[in-house]
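> Dropping in data_8.txt, which is compact mmCIF, C-alpha atoms:
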# COMPACT_ATOMS: atom_id res chain seq x y z
CA MET A 1 -0.57 -1.72 -10.73
CA LYS A 2 -1.76 -1.72 -14.36
CA GLY A 3 -0.90 1.66 -15.86
CA ARG A 4 -2.10 4.08 -13.22
CA CYS A 5 -2.04 4.45 -9.47
CA GLN A 6 -5.20 3.82 -7.49
CA ASP A 7 -5.26 3.91 -3.69
CA GLN A 8 -7.16 0.67 -3.24
CA ASN A 9 -7.53 -1.76 -0.35
CA GLU A 10 -6.32 -4.75 -2.34
CA LEU A 11 -4.09 -5.13 -5.39
CA GLU A 12 -2.47 -8.11 -7.05
CA TYR A 13 0.06 -8.42 -9.84
CA VAL A 14 0.96 -11.88 -11.11
CA ASN A 15 4.45 -12.25 -12.56
CA PRO A 16 4.46 -15.51 -14.54
CA ASP A 17 8.27 -15.62 -14.36
CA GLY A 18 8.45 -15.04 -10.60
CA ALA A 19 9.70 -17.96 -8.52
CA ALA A 20 8.17 -16.57 -5.33
CA ASP A 21 5.77 -13.89 -4.15
CA VAL A 22 5.87 -10.68 -2.14
CA LEU A 23 3.20 -9.66 0.37
CA TYR A 24 2.45 -6.14 1.60
CA ILE A 25 0.00 -5.70 4.49
CA TYR A 26 -0.70 -2.01 5.03
CA PRO A 27 -3.08 -0.09 7.30
CA LYS A 28 -6.54 1.18 6.49
CA GLU A 29 -6.13 3.71 9.31
CA ASP A 30 -3.42 6.17 8.22
CA HIS A 31 -3.75 9.60 9.82
CA ASN A 32 -0.99 11.29 7.79
CA ASN A 33 -1.12 9.29 4.52
CA ALA A 34 2.34 7.86 5.12
CA PHE A 35 1.24 4.61 3.48
CA SER A 36 -0.70 6.07 0.55
CA LEU A 37 -0.05 4.81 -2.97
CA CYS A 38 -1.12 8.03 -4.64
CA SER A 39 -0.87 11.76 -4.19
CA SER A 40 -3.38 13.97 -6.05
CA GLY A 41 -4.08 11.15 -8.50
CA THR A 42 -0.44 10.57 -9.42
CA ILE A 43 1.96 7.89 -8.28
CA ASP A 44 3.58 8.54 -4.92
CA PRO A 45 7.11 7.19 -5.43
CA SER A 46 7.60 6.41 -1.74
CA VAL A 47 5.27 3.41 -1.84
CA CYS A 48 3.92 2.77 -5.32
CA TYR A 49 7.34 2.60 -6.96
CA ARG A 50 8.36 -0.08 -4.49
CA LEU A 51 5.43 -2.22 -5.61
CA VAL A 52 6.14 -1.63 -9.30
CA ASN A 53 9.81 -2.55 -8.96
CA MET A 54 9.05 -5.62 -6.85
CA ALA A 55 6.65 -6.71 -9.60
CA HIS A 56 9.60 -6.90 -12.01
CA HIS A 57 10.83 -9.91 -10.04
CA TYR A 58 7.88 -11.35 -8.10
CA SER A 59 4.13 -11.70 -8.00
CA VAL A 60 2.97 -8.99 -5.61
CA HIS A 61 0.03 -9.14 -3.21
CA PHE A 62 -1.03 -5.89 -1.54
CA VAL A 63 -3.81 -5.62 1.02
CA ARG A 64 -5.00 -3.01 3.49
CA VAL A 65 -6.45 -4.17 6.80
CA ALA A 66 -7.96 -2.51 9.86
CA SER A 67 -7.28 -5.36 12.28
CA VAL A 68 -5.05 -8.33 12.90
CA GLN A 69 -8.08 -10.56 12.35
CA GLU A 70 -8.48 -9.20 8.80
CA ALA A 71 -4.82 -9.92 8.11
CA ILE A 72 -5.18 -13.47 9.44
CA ALA A 73 -8.16 -14.09 7.16
CA PHE A 74 -6.22 -12.82 4.12
CA VAL A 75 -3.13 -14.92 4.84
CA LYS A 76 -5.17 -18.06 5.56
CA GLY A 77 -6.94 -17.51 2.25
CA MET A 78 -3.70 -17.69 0.28
CA PRO A 79 -3.03 -20.95 -1.59
CA SER A 80 -0.87 -23.28 0.47
CA ASN A 81 1.80 -23.46 -2.25
CA VAL A 82 2.52 -19.70 -2.19
CA ARG A 83 6.09 -18.99 -1.09
CA LEU A 84 6.84 -15.48 0.11
CA LYS A 85 10.32 -14.17 -0.60
CA HIS A 86 9.56 -10.86 1.08
CA VAL A 87 6.85 -9.62 3.47
CA VAL A 88 6.17 -6.01 4.46
CA LEU A 89 4.06 -5.28 7.52
CA GLY A 90 3.44 -1.55 7.44
CA GLY A 91 1.74 0.75 9.92
CA HIS A 92 2.32 3.45 12.48
CA GLY A 93 4.43 2.01 15.25
CA ASP A 94 6.32 2.21 18.51
CA PRO A 95 8.78 -0.28 20.02
CA HIS A 96 5.98 -2.65 21.09
CA SER A 97 3.27 -2.31 18.42
CA LEU A 98 2.34 -1.73 14.77
CA ALA A 99 -1.11 -0.28 14.08
CA TRP A 100 -3.53 -1.11 11.27
CA GLY A 101 -6.76 0.35 12.65
CA GLY A 102 -8.01 2.96 15.06
CA ALA A 103 -7.53 2.40 18.78
CA ASP A 104 -11.24 3.08 19.34
CA THR A 105 -12.15 -0.05 17.32
CA GLU A 106 -10.54 -2.50 19.75
CA SER A 107 -12.89 -5.09 21.22
CA ASP A 108 -12.98 -8.75 22.19
CA THR A 109 -13.08 -9.67 18.50
CA VAL A 110 -11.10 -6.82 16.92
CA MET A 111 -7.40 -6.14 17.56
CA PRO A 112 -6.38 -3.06 15.56
CA GLU A 113 -2.63 -3.48 16.02
CA LEU A 114 0.14 -6.03 16.23
CA ARG A 115 1.56 -6.22 19.75
CA VAL A 116 4.54 -7.96 21.30
CA ASP A 117 3.55 -11.34 22.80
CA GLU A 118 -0.15 -10.78 21.99
CA PRO A 119 -1.84 -14.15 21.19
CA VAL A 120 -3.67 -12.88 18.11
CA THR A 121 -0.39 -11.45 16.77
CA ARG A 122 1.18 -14.88 17.26
CA GLU A 123 -1.75 -16.36 15.32
CA LEU A 124 -1.00 -14.13 12.33
CA LEU A 125 2.71 -14.95 12.40
CA ASP A 126 1.88 -18.66 12.72
CA ALA A 127 -0.28 -18.32 9.59
CA LEU A 128 2.54 -16.57 7.70
CA TYR A 129 5.27 -18.98 8.72
CA PRO A 130 4.45 -21.93 6.39
CA HIS A 131 4.69 -19.54 3.41
CA LEU A 132 8.24 -18.41 4.27
CA ILE A 133 11.53 -19.79 3.00
CA VAL A 134 13.45 -20.40 6.22
CA ASP A 135 15.99 -23.04 5.16
CA GLY A 136 17.59 -21.18 2.27
CA THR A 137 20.82 -19.27 1.76
CA GLU A 138 21.30 -15.57 2.44
CA ARG A 139 20.05 -14.80 -1.09
CA THR A 140 17.13 -17.23 -1.15
CA ARG A 141 15.63 -17.12 2.35
CA SER A 142 12.67 -14.89 3.16
CA THR A 143 13.01 -11.36 4.46
CA VAL A 144 10.47 -9.33 6.45
CA PHE A 145 10.36 -5.54 6.79
CA LEU A 146 8.46 -3.94 9.65
CA ASP A 147 7.66 -0.69 7.88
CA ALA A 148 6.91 1.25 11.04
CA CYS A 149 8.59 3.79 13.27
CA LEU A 150 10.58 2.55 16.27
CA ASN A 151 9.89 -1.19 15.92
CA GLY A 152 13.64 -1.79 16.13
CA LYS A 153 14.39 0.65 18.96
CA PRO A 154 16.28 -1.12 21.77
CA VAL A 155 14.19 -1.52 24.92
CA ALA A 156 14.70 -3.19 28.29
CA ASP A 157 12.43 -6.11 27.40
CA LYS A 158 11.31 -7.26 23.93
CA ASN A 159 10.61 -4.98 20.96
CA MET A 160 8.63 -5.80 17.83
CA LEU A 161 11.77 -6.65 15.85
CA LEU A 162 12.92 -9.34 18.28
CA PHE A 163 9.41 -10.68 18.81
CA VAL A 164 8.66 -11.06 15.09
CA ALA A 165 12.15 -12.42 14.29
CA HIS A 166 11.71 -15.17 16.89
CA GLN A 167 8.20 -16.05 15.75
CA LEU A 168 9.41 -16.17 12.11
CA ALA A 169 12.72 -17.87 12.92
CA GLY A 170 14.78 -18.55 9.82
CA ALA A 171 13.70 -15.35 8.07
CA GLU A 172 15.68 -12.14 8.46
CA VAL A 173 13.52 -9.35 9.89
CA PHE A 174 14.31 -5.64 9.42
CA ALA A 175 13.04 -2.63 11.40
CA SER A 176 13.87 0.98 12.18
CA LYS A 177 15.40 2.19 15.43
CA ILE A 178 13.93 5.67 14.88
CA SER A 179 10.85 7.53 13.74
CA PHE A 180 11.28 8.15 10.03
CA ASP A 181 9.50 9.36 6.93
CA ASN A 182 9.53 7.97 3.41
CA SER A 183 12.28 10.33 2.27
CA GLN A 184 14.70 8.56 4.64
CA PHE A 185 13.98 5.07 3.30
CA VAL A 186 16.48 3.88 0.67
CA LEU A 187 15.88 0.52 -1.00
CA ASP A 188 19.07 -0.64 -2.71
CA ASN A 189 17.99 -4.03 -3.98
CA TYR A 190 14.50 -5.20 -4.90
CA LEU A 191 15.44 -8.76 -5.81
CA HIS A 192 17.17 -9.48 -2.49
CA PHE A 193 15.85 -6.99 0.05
CA ASN A 194 18.53 -4.55 1.12
CA ALA A 195 17.47 -1.19 2.52
CA HIS A 196 18.60 1.66 4.75
CA ILE A 197 16.92 4.29 6.88
CA MET A 198 19.22 7.29 6.85
CA SER A 199 19.44 9.91 9.56
CA GLN A 200 22.34 12.36 9.70
CA LYS A 201 24.34 10.08 7.42
CA GLN A 202 23.84 7.11 9.71
CA ASP A 203 21.86 3.96 8.89
CA LYS A 204 19.13 3.36 11.49
CA MET A 205 17.89 0.10 9.97
CA VAL A 206 18.59 -3.00 12.06
CA SER A 207 17.84 -6.67 11.53
CA ALA A 208 17.53 -9.87 13.52
CA MET A 209 17.36 -13.55 12.63
CA PHE A 210 17.10 -16.73 14.69
CA HIS A 211 17.80 -20.33 13.79
CA PRO A 212 14.50 -22.10 12.91
CA GLY A 213 15.04 -24.59 15.73
CA LEU A 214 14.69 -21.81 18.32
CA ARG A 215 11.10 -21.06 17.34
CA ALA A 216 9.72 -23.83 19.55
CA LEU A 217 11.41 -22.35 22.65
CA TYR A 218 10.29 -19.39 24.74
CA TYR A 219 12.45 -16.32 24.26
CA HIS A 220 13.47 -13.78 26.93
CA PRO A 221 15.82 -11.04 25.63
CA ASN A 222 18.14 -9.06 27.88
CA ARG A 223 17.89 -11.66 30.63
CA VAL A 224 20.07 -14.34 32.25
CA CYS A 225 19.05 -17.28 34.39
CA LYS A 226 20.25 -16.70 37.95
CA LYS A 227 21.39 -20.30 38.28
CA LYS A 228 23.41 -21.50 35.33
CA GLU A 229 26.41 -23.64 34.42
CA LEU A 230 28.98 -22.97 31.71
CA VAL A 231 28.84 -25.15 28.60
CA MET A 232 31.58 -25.13 25.98
CA ALA A 233 29.67 -23.98 22.92
CA GLN A 234 30.61 -20.93 20.89
CA SER A 235 27.46 -20.57 18.80
CA MET A 236 23.80 -20.14 19.69
CA GLU A 237 22.85 -23.10 17.51
CA LEU A 238 25.27 -25.44 19.29
CA CYS A 239 24.24 -24.11 22.70
CA ALA A 240 20.61 -24.88 21.85
CA GLU A 241 21.43 -28.28 20.34
CA LEU A 242 23.33 -29.39 23.44
CA CYS A 243 20.47 -28.22 25.66
CA GLN A 244 17.96 -30.22 23.65
CA LYS A 245 20.17 -33.32 23.80
CA ALA A 246 20.48 -32.93 27.58
CA GLY A 247 16.75 -33.47 27.99
CA ASP A 248 15.42 -32.72 31.49
CA ALA A 249 18.93 -31.82 32.65
CA CYS A 250 18.60 -28.58 30.66
CA LYS A 251 15.31 -26.71 30.87
CA ALA A 252 16.80 -23.39 29.68
CA PHE A 253 19.96 -21.87 28.28
CA THR A 254 21.48 -18.41 28.47
CA TYR A 255 23.43 -17.12 25.49
CA PHE A 256 25.59 -14.02 25.15
CA PRO A 257 25.64 -12.74 21.56
CA GLU A 258 28.80 -12.85 19.50
CA GLY A 259 30.81 -9.67 19.13
CA ASN A 260 30.62 -8.58 22.78
CA LYS A 261 34.28 -8.06 23.70
CA ARG A 262 33.45 -8.12 27.40
CA VAL A 263 32.19 -11.71 27.18
CA THR A 264 34.36 -14.74 26.46
CA GLN A 265 32.06 -17.43 27.85
CA VAL A 266 28.81 -17.35 25.90
CA CYS A 267 26.73 -20.50 26.61
CA PHE A 268 25.21 -21.50 29.94
CA HIS A 269 22.68 -24.25 30.71
CA SER A 270 20.20 -24.33 33.57
CA LYS A 271 18.52 -27.43 34.95
CA ARG A 272 15.84 -25.06 36.18
CA CYS A 273 15.53 -21.36 35.43
CA GLU A 274 13.26 -20.45 38.31
CA SER A 275 14.18 -16.77 38.15
CA MET A 276 16.05 -14.38 35.88
CA LYS A 277 17.87 -11.11 36.20
CA ARG A 278 18.45 -8.31 33.75
CA SER A 279 21.49 -8.42 31.47
CA LYS A 280 23.55 -5.37 30.56
CA LYS A 281 25.43 -7.35 27.93
CA GLY A 282 22.56 -8.33 25.65
CA ALA A 283 22.25 -11.88 26.93
CA MET A 284 19.13 -13.86 26.09
CA VAL A 285 17.38 -16.82 27.66
CA PHE A 286 15.55 -19.59 25.81
CA THR A 287 13.37 -21.86 27.93
CA LYS A 288 11.48 -25.07 27.26
CA GLU A 289 8.71 -23.98 29.61
CA THR A 290 6.62 -20.85 29.34
CA GLU A 291 6.23 -19.86 33.00
CA GLN A 292 9.45 -18.37 34.34
CA GLU A 293 9.75 -15.88 37.16
CA ASP A 294 11.33 -12.62 36.01
CA ASP A 295 12.19 -10.74 39.17
CA SER A 296 14.73 -8.41 37.58
CA ASP A 297 14.95 -4.75 38.43
CA ASP A 298 17.55 -2.00 38.06
CA SER A 299 19.37 -3.17 41.19
CA ASP A 300 19.44 -6.80 40.09
CA GLU A 301 21.58 -6.70 36.96
CA GLU A 302 24.19 -9.12 35.73
CA ASP A 303 27.57 -7.36 35.45
Translate this file's structure into structure tokens.

Amino acid sequence: MKGRCQDQNELEYVNPDGAADVLYIYPKEDHNNAFSLCSSGTIDPSVCYRLVNMAHHYSVHFVRVASVQEAIAFVKGMPSNVRLKHVVLGGHGDPHSLAWGGADTESDTVMPELRVDEPVTRELLDALYPHLIVDGTERTRSTVFLDACLNGKPVADKNMLLFVAHQLAGAEVFASKISFDNSQFVLDNYLHFNAHIMSQKQDKMVSAMFHPGLRALYYHPNRVCKKKELVMAQSMELCAELCQKAGDACKAFTYFPEGNKRVTQVCFHSKRCESMKRSKKGAMVFTKETEQEDDSDDSDEED
């Protein structure tokens, strides 16, 4: 960061004028050097230039890890007053994971990759959350980029994008729907993260964000409670607020996202959500209890 590029495991640049910080967590295990800072001793613009330009606005922390446990230790070691405007979690990915280490290193004490609904992944996101700005405006709140292939690809259950966005509710999380290389990544704005992943002139970057109040609930995407009652609420926040106010009379709510022309009634409450079925319309269920029976299959879909 100071004059020449070195592919190191940890770098830090302190910007005395920066009002917040940026954190990059990148993999030690990188089979094709997609996350390298340097190429033949010179700066690789695909990654190193991003760090340099971010450093014009923020203090930048960069660390390479081989496991989720290493990432947890780094984040927990950060001063409590650090506020992260932008976080990048980079690694080779698929819809349900993001890898930092080799698969052969996994053990009872070493988890080499982030995984959807994995407890140790939740532990890392719980450690990150107090450092995020989740009550700001569109220009001041934190953003998170999952710099990995396919983390945003739609799946029948829950992908990394939706999992991380719920765990970091209040921050906007970005991910790619496709496998991509660095030449397809276009970062338009370093101060307020705005980026694209271009493929055949189409943008394959997607984002998700949840209201901070939803973080305490359990999240089930692409599902509906089988037993539910219509509630007159046209926003997810109001649907959730009314469910919380209802106490034991509402143990779960089903919400159909805005913009679906086939849906005019969007909020449903359930006194008990003993079982769910699959939704074709992108509905989601939030429950106050963790154990819910999901007996959905291809023949048991909500129309």
> Report the distance between CA of Ser36 in chain A and CA of Asp188 in chain A in Å, rounded to one decimal place.
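One can read the CA of Ser36 in chain A to CA of Asp188 in chain A distance as 21.1 Å.
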> Please, what distance in Å, to one decimal, runs between CA of Ser80 in chain A and CA of His131 in chain A?
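Calculated distance between CA of Ser80 in chain A and CA of His131 in chain A is 7.3 Å.
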> Which is closer to Pro119 in chain A than all the others in A:Val68, A:Val155, A:Leu132, A:Val60, using all atoms listed in the file?
A:Val68
> Go through A:Leu161, A:Asn194, A:Met111, A:Leu168 and flag the residue nearest Ser207 in chain A, using only C-alpha atoms for the distances.
A:Leu161
> For a cut-off of 12 Å around (7.1, -0.1, -5.6), file coordinates, pick out all residues using only C-alpha atoms and list them as a ChimeraX atom specification.
/A:1,5,13,22-24,35-38,43-58,60-62,88,186-187,189-190
> So, counting only C-alpha atoms, which residue among A:Gly282, A:Gly213, A:Pro27, A:Gly152 is closest to Asn9 in chain A?
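Of A:Gly282, A:Gly213, A:Pro27, A:Gly152, the one nearest Asn9 in chain A, counting only C-alpha atoms, is A:Pro27.
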> Which residue is closest to Pro95 in chain A? Choose from A:Gln202, A:Asn159, A:Gln69, A:Thr254 and count all atoms listed in the file.
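Among A:Gln202, A:Asn159, A:Gln69, A:Thr254, it is A:Asn159 that comes nearest to Pro95 in chain A.
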> Do you have the CA of Val65 in chain A-CA of Ala171 in chain A distance handy?
23.1 Å
> Identify which of the residues A:Phe180, A:Phe145, A:Tyr26, A:Tyr218 lies closest to Leu11 in chain A, counting only C-alpha atoms when measuring atom-to-atom distances.
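Among the listed residues, the smallest separation from Leu11 in chain A belongs to A:Tyr26.
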> Please return, as a PDB file with C-alpha atoms, keeping the file's coordinate frame, all polymer residues that have at least one atom within 10 Å of the point (12.5, -22.5, 28.2); use only C-alpha atoms and the file's own coordinate frame.

ATOM      1  CA  ALA A 216       9.720 -23.830  19.550  1.00  0.00           C
ATOM      2  CA  LEU A 217      11.410 -22.350  22.650  1.00  0.00           C
ATOM      3  CA  TYR A 218      10.290 -19.390  24.740  1.00  0.00           C
ATOM      4  CA  TYR A 219      12.450 -16.320  24.260  1.00  0.00           C
ATOM      5  CA  HIS A 220      13.470 -13.780  26.930  1.00  0.00           C
ATOM      6  CA  CYS A 250      18.600 -28.580  30.660  1.00  0.00           C
ATOM      7  CA  LYS A 251      15.310 -26.710  30.870  1.00  0.00           C
ATOM      8  CA  ALA A 252      16.800 -23.390  29.680  1.00  0.00           C
ATOM      9  CA  PHE A 253      19.960 -21.870  28.280  1.00  0.00           C
ATOM     10  CA  THR A 254      21.480 -18.410  28.470  1.00  0.00           C
ATOM     11  CA  SER A 270      20.200 -24.330  33.570  1.00  0.00           C
ATOM     12  CA  ARG A 272      15.840 -25.060  36.180  1.00  0.00           C
ATOM     13  CA  CYS A 273      15.530 -21.360  35.430  1.00  0.00           C
ATOM     14  CA  VAL A 285      17.380 -16.820  27.660  1.00  0.00           C
ATOM     15  CA  PHE A 286      15.550 -19.590  25.810  1.00  0.00           C
ATOM     16  CA  THR A 287      13.370 -21.860  27.930  1.00  0.00           C
ATOM     17  CA  LYS A 288      11.480 -25.070  27.260  1.00  0.00           C
ATOM     18  CA  GLU A 289       8.710 -23.980  29.610  1.00  0.00           C
ATOM     19  CA  THR A 290       6.620 -20.850  29.340  1.00  0.00           C
ATOM     20  CA  GLU A 291       6.230 -19.860  33.000  1.00  0.00           C
ATOM     21  CA  GLN A 292       9.450 -18.370  34.340  1.00  0.00           C
TER      22      GLN A 292
END
> For Lys245 in chain A, which of A:Thr105, A:Leu98, A:His269, A:His196 is the closest residue, counting all atoms listed in the file?
A:His269
> Would you mind listing what lies within 12 Å of Thr140 in chain A as a list of chain:residue names, with only C-alpha atoms counted and same-chain residues fewer than 2 positions away left out?
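The residues satisfying every condition are A:Ala19, A:Ala20, A:Arg83, A:Leu84, A:Lys85, A:His86, A:Leu132, A:Ile133, A:Val134, A:Asp135, A:Gly136, A:Thr137, A:Glu138, A:Ser142, A:Thr143, A:Gly170, A:Ala171, A:Glu172, A:Leu191, A:His192, A:Phe193.
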> Give me, as a VMD selection string, all polymer residues having an atom no more than 12 Å from Asn151 in chain A, counting all atoms listed in the file and skipping those fewer than 5 positions away in the same chain.
chain A and resid 89 to 99 114 to 116 145 to 146 158 to 165 173 to 180 204 to 208
> Please list as a list in words every residue within 7 Å of Ala66 in chain A, counting all atoms listed in the file and excluding residues in the same chain fewer than 4 positions away.
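Listed by chain and then number, they are Pro27, Lys28, Glu29, Glu70, Trp100, Gly101 and Pro112 of chain A.
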> Since the input lacks some atoms of range 21-31 of chain A, please model all heavy atoms and print them as a PDB file, in the coordinates of the input.

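File written: out23.pdb
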ATOM      1  N   ASP A  21       6.671 -15.034  -4.237  1.00  0.00           N
ATOM      2  CA  ASP A  21       5.770 -13.890  -4.150  1.00  0.00           C
ATOM      3  C   ASP A  21       6.253 -12.903  -3.097  1.00  0.00           C
ATOM      4  O   ASP A  21       7.122 -13.199  -2.274  1.00  0.00           O
ATOM      5  CB  ASP A  21       4.357 -14.353  -3.793  1.00  0.00           C
ATOM      6  CG  ASP A  21       3.700 -15.163  -4.902  1.00  0.00           C
ATOM      7  OD1 ASP A  21       4.409 -15.619  -5.813  1.00  0.00           O
ATOM      8  OD2 ASP A  21       2.481 -15.367  -4.832  1.00  0.00           O
ATOM      9  N   VAL A  22       5.638 -11.720  -3.138  1.00  0.00           N
ATOM     10  CA  VAL A  22       5.870 -10.680  -2.140  1.00  0.00           C
ATOM     11  C   VAL A  22       4.516 -10.258  -1.585  1.00  0.00           C
ATOM     12  O   VAL A  22       3.543 -10.137  -2.335  1.00  0.00           O
ATOM     13  CB  VAL A  22       6.593  -9.462  -2.764  1.00  0.00           C
ATOM     14  CG1 VAL A  22       6.610  -8.277  -1.803  1.00  0.00           C
ATOM     15  CG2 VAL A  22       8.020  -9.846  -3.148  1.00  0.00           C
ATOM     16  N   LEU A  23       4.446 -10.045  -0.284  1.00  0.00           N
ATOM     17  CA  LEU A  23       3.200  -9.660   0.370  1.00  0.00           C
ATOM     18  C   LEU A  23       3.390  -8.358   1.132  1.00  0.00           C
ATOM     19  O   LEU A  23       4.309  -8.246   1.949  1.00  0.00           O
ATOM     20  CB  LEU A  23       2.731 -10.758   1.329  1.00  0.00           C
ATOM     21  CG  LEU A  23       1.533 -10.417   2.230  1.00  0.00           C
ATOM     22  CD1 LEU A  23       0.281 -10.165   1.394  1.00  0.00           C
ATOM     23  CD2 LEU A  23       1.293 -11.535   3.246  1.00  0.00           C
ATOM     24  N   TYR A  24       2.518  -7.391   0.850  1.00  0.00           N
ATOM     25  CA  TYR A  24       2.450  -6.140   1.600  1.00  0.00           C
ATOM     26  C   TYR A  24       1.131  -6.122   2.371  1.00  0.00           C
ATOM     27  O   TYR A  24       0.059  -6.286   1.776  1.00  0.00           O
ATOM     28  CB  TYR A  24       2.466  -4.928   0.679  1.00  0.00           C
ATOM     29  CG  TYR A  24       3.815  -4.563   0.106  1.00  0.00           C
ATOM     30  CD1 TYR A  24       4.417  -5.328  -0.893  1.00  0.00           C
ATOM     31  CD2 TYR A  24       4.494  -3.432   0.555  1.00  0.00           C
ATOM     32  CE1 TYR A  24       5.645  -4.983  -1.426  1.00  0.00           C
ATOM     33  CE2 TYR A  24       5.726  -3.072   0.022  1.00  0.00           C
ATOM     34  CZ  TYR A  24       6.291  -3.848  -0.961  1.00  0.00           C
ATOM     35  OH  TYR A  24       7.511  -3.503  -1.491  1.00  0.00           O
ATOM     36  N   ILE A  25       1.190  -5.927   3.682  1.00  0.00           N
ATOM     37  CA  ILE A  25       0.000  -5.700   4.490  1.00  0.00           C
ATOM     38  C   ILE A  25       0.118  -4.307   5.086  1.00  0.00           C
ATOM     39  O   ILE A  25       0.999  -4.048   5.911  1.00  0.00           O
ATOM     40  CB  ILE A  25      -0.171  -6.758   5.599  1.00  0.00           C
ATOM     41  CG1 ILE A  25      -0.186  -8.166   5.000  1.00  0.00           C
ATOM     42  CG2 ILE A  25      -1.462  -6.498   6.376  1.00  0.00           C
ATOM     43  CD1 ILE A  25      -0.356  -9.275   6.032  1.00  0.00           C
ATOM     44  N   TYR A  26      -0.764  -3.412   4.643  1.00  0.00           N
ATOM     45  CA  TYR A  26      -0.700  -2.010   5.030  1.00  0.00           C
ATOM     46  C   TYR A  26      -1.973  -1.597   5.760  1.00  0.00           C
ATOM     47  O   TYR A  26      -2.998  -2.284   5.682  1.00  0.00           O
ATOM     48  CB  TYR A  26      -0.491  -1.146   3.786  1.00  0.00           C
ATOM     49  CG  TYR A  26       0.959  -0.836   3.474  1.00  0.00           C
ATOM     50  CD1 TYR A  26       2.003  -1.563   4.038  1.00  0.00           C
ATOM     51  CD2 TYR A  26       1.294   0.204   2.612  1.00  0.00           C
ATOM     52  CE1 TYR A  26       3.323  -1.269   3.761  1.00  0.00           C
ATOM     53  CE2 TYR A  26       2.616   0.514   2.327  1.00  0.00           C
ATOM     54  CZ  TYR A  26       3.629  -0.230   2.903  1.00  0.00           C
ATOM     55  OH  TYR A  26       4.937   0.069   2.624  1.00  0.00           O
ATOM     56  N   PRO A  27      -1.944  -0.472   6.457  1.00  0.00           N
ATOM     57  CA  PRO A  27      -3.080  -0.090   7.300  1.00  0.00           C
ATOM     58  C   PRO A  27      -4.200   0.613   6.528  1.00  0.00           C
ATOM     59  O   PRO A  27      -3.953   1.361   5.578  1.00  0.00           O
ATOM     60  CB  PRO A  27      -2.445   0.894   8.301  1.00  0.00           C
ATOM     61  CG  PRO A  27      -1.344   1.543   7.517  1.00  0.00           C
ATOM     62  CD  PRO A  27      -0.800   0.464   6.611  1.00  0.00           C
ATOM     63  N   LYS A  28      -5.421   0.368   6.961  1.00  0.00           N
ATOM     64  CA  LYS A  28      -6.540   1.180   6.490  1.00  0.00           C
ATOM     65  C   LYS A  28      -6.577   2.515   7.240  1.00  0.00           C
ATOM     66  O   LYS A  28      -6.977   3.533   6.691  1.00  0.00           O
ATOM     67  CB  LYS A  28      -7.867   0.434   6.697  1.00  0.00           C
ATOM     68  CG  LYS A  28      -8.111  -0.704   5.716  1.00  0.00           C
ATOM     69  CD  LYS A  28      -9.465  -1.348   5.950  1.00  0.00           C
ATOM     70  CE  LYS A  28      -9.718  -2.480   4.960  1.00  0.00           C
ATOM     71  NZ  LYS A  28     -11.019  -3.158   5.208  1.00  0.00           N
ATOM     72  N   GLU A  29      -6.178   2.498   8.497  1.00  0.00           N
ATOM     73  CA  GLU A  29      -6.130   3.710   9.310  1.00  0.00           C
ATOM     74  C   GLU A  29      -4.746   4.341   9.154  1.00  0.00           C
ATOM     75  O   GLU A  29      -3.737   3.776   9.575  1.00  0.00           O
ATOM     76  CB  GLU A  29      -6.383   3.375  10.786  1.00  0.00           C
ATOM     77  CG  GLU A  29      -6.311   4.552  11.726  1.00  0.00           C
ATOM     78  CD  GLU A  29      -7.437   5.551  11.533  1.00  0.00           C
ATOM     79  OE1 GLU A  29      -8.518   5.137  11.043  1.00  0.00           O
ATOM     80  OE2 GLU A  29      -7.250   6.725  11.880  1.00  0.00           O
ATOM     81  N   ASP A  30      -4.698   5.520   8.532  1.00  0.00           N
ATOM     82  CA  ASP A  30      -3.420   6.170   8.220  1.00  0.00           C
ATOM     83  C   ASP A  30      -3.601   7.673   8.338  1.00  0.00           C
ATOM     84  O   ASP A  30      -3.949   8.348   7.383  1.00  0.00           O
ATOM     85  CB  ASP A  30      -2.979   5.764   6.812  1.00  0.00           C
ATOM     86  CG  ASP A  30      -1.622   6.331   6.426  1.00  0.00           C
ATOM     87  OD1 ASP A  30      -0.901   6.810   7.315  1.00  0.00           O
ATOM     88  OD2 ASP A  30      -1.296   6.283   5.225  1.00  0.00           O
ATOM     89  N   HIS A  31      -3.371   8.212   9.518  1.00  0.00           N
ATOM     90  CA  HIS A  31      -3.750   9.600   9.820  1.00  0.00           C
ATOM     91  C   HIS A  31      -2.971  10.637   9.017  1.00  0.00           C
ATOM     92  O   HIS A  31      -3.452  11.755   8.805  1.00  0.00           O
ATOM     93  CB  HIS A  31      -3.580   9.877  11.313  1.00  0.00           C
ATOM     94  CG  HIS A  31      -2.164   9.773  11.799  1.00  0.00           C
ATOM     95  ND1 HIS A  31      -1.274  10.812  11.731  1.00  0.00           N
ATOM     96  CD2 HIS A  31      -1.492   8.729  12.360  1.00  0.00           C
ATOM     97  CE1 HIS A  31      -0.109  10.438  12.247  1.00  0.00           C
ATOM     98  NE2 HIS A  31      -0.219   9.171  12.621  1.00  0.00           N
TER      99      HIS A  31
END
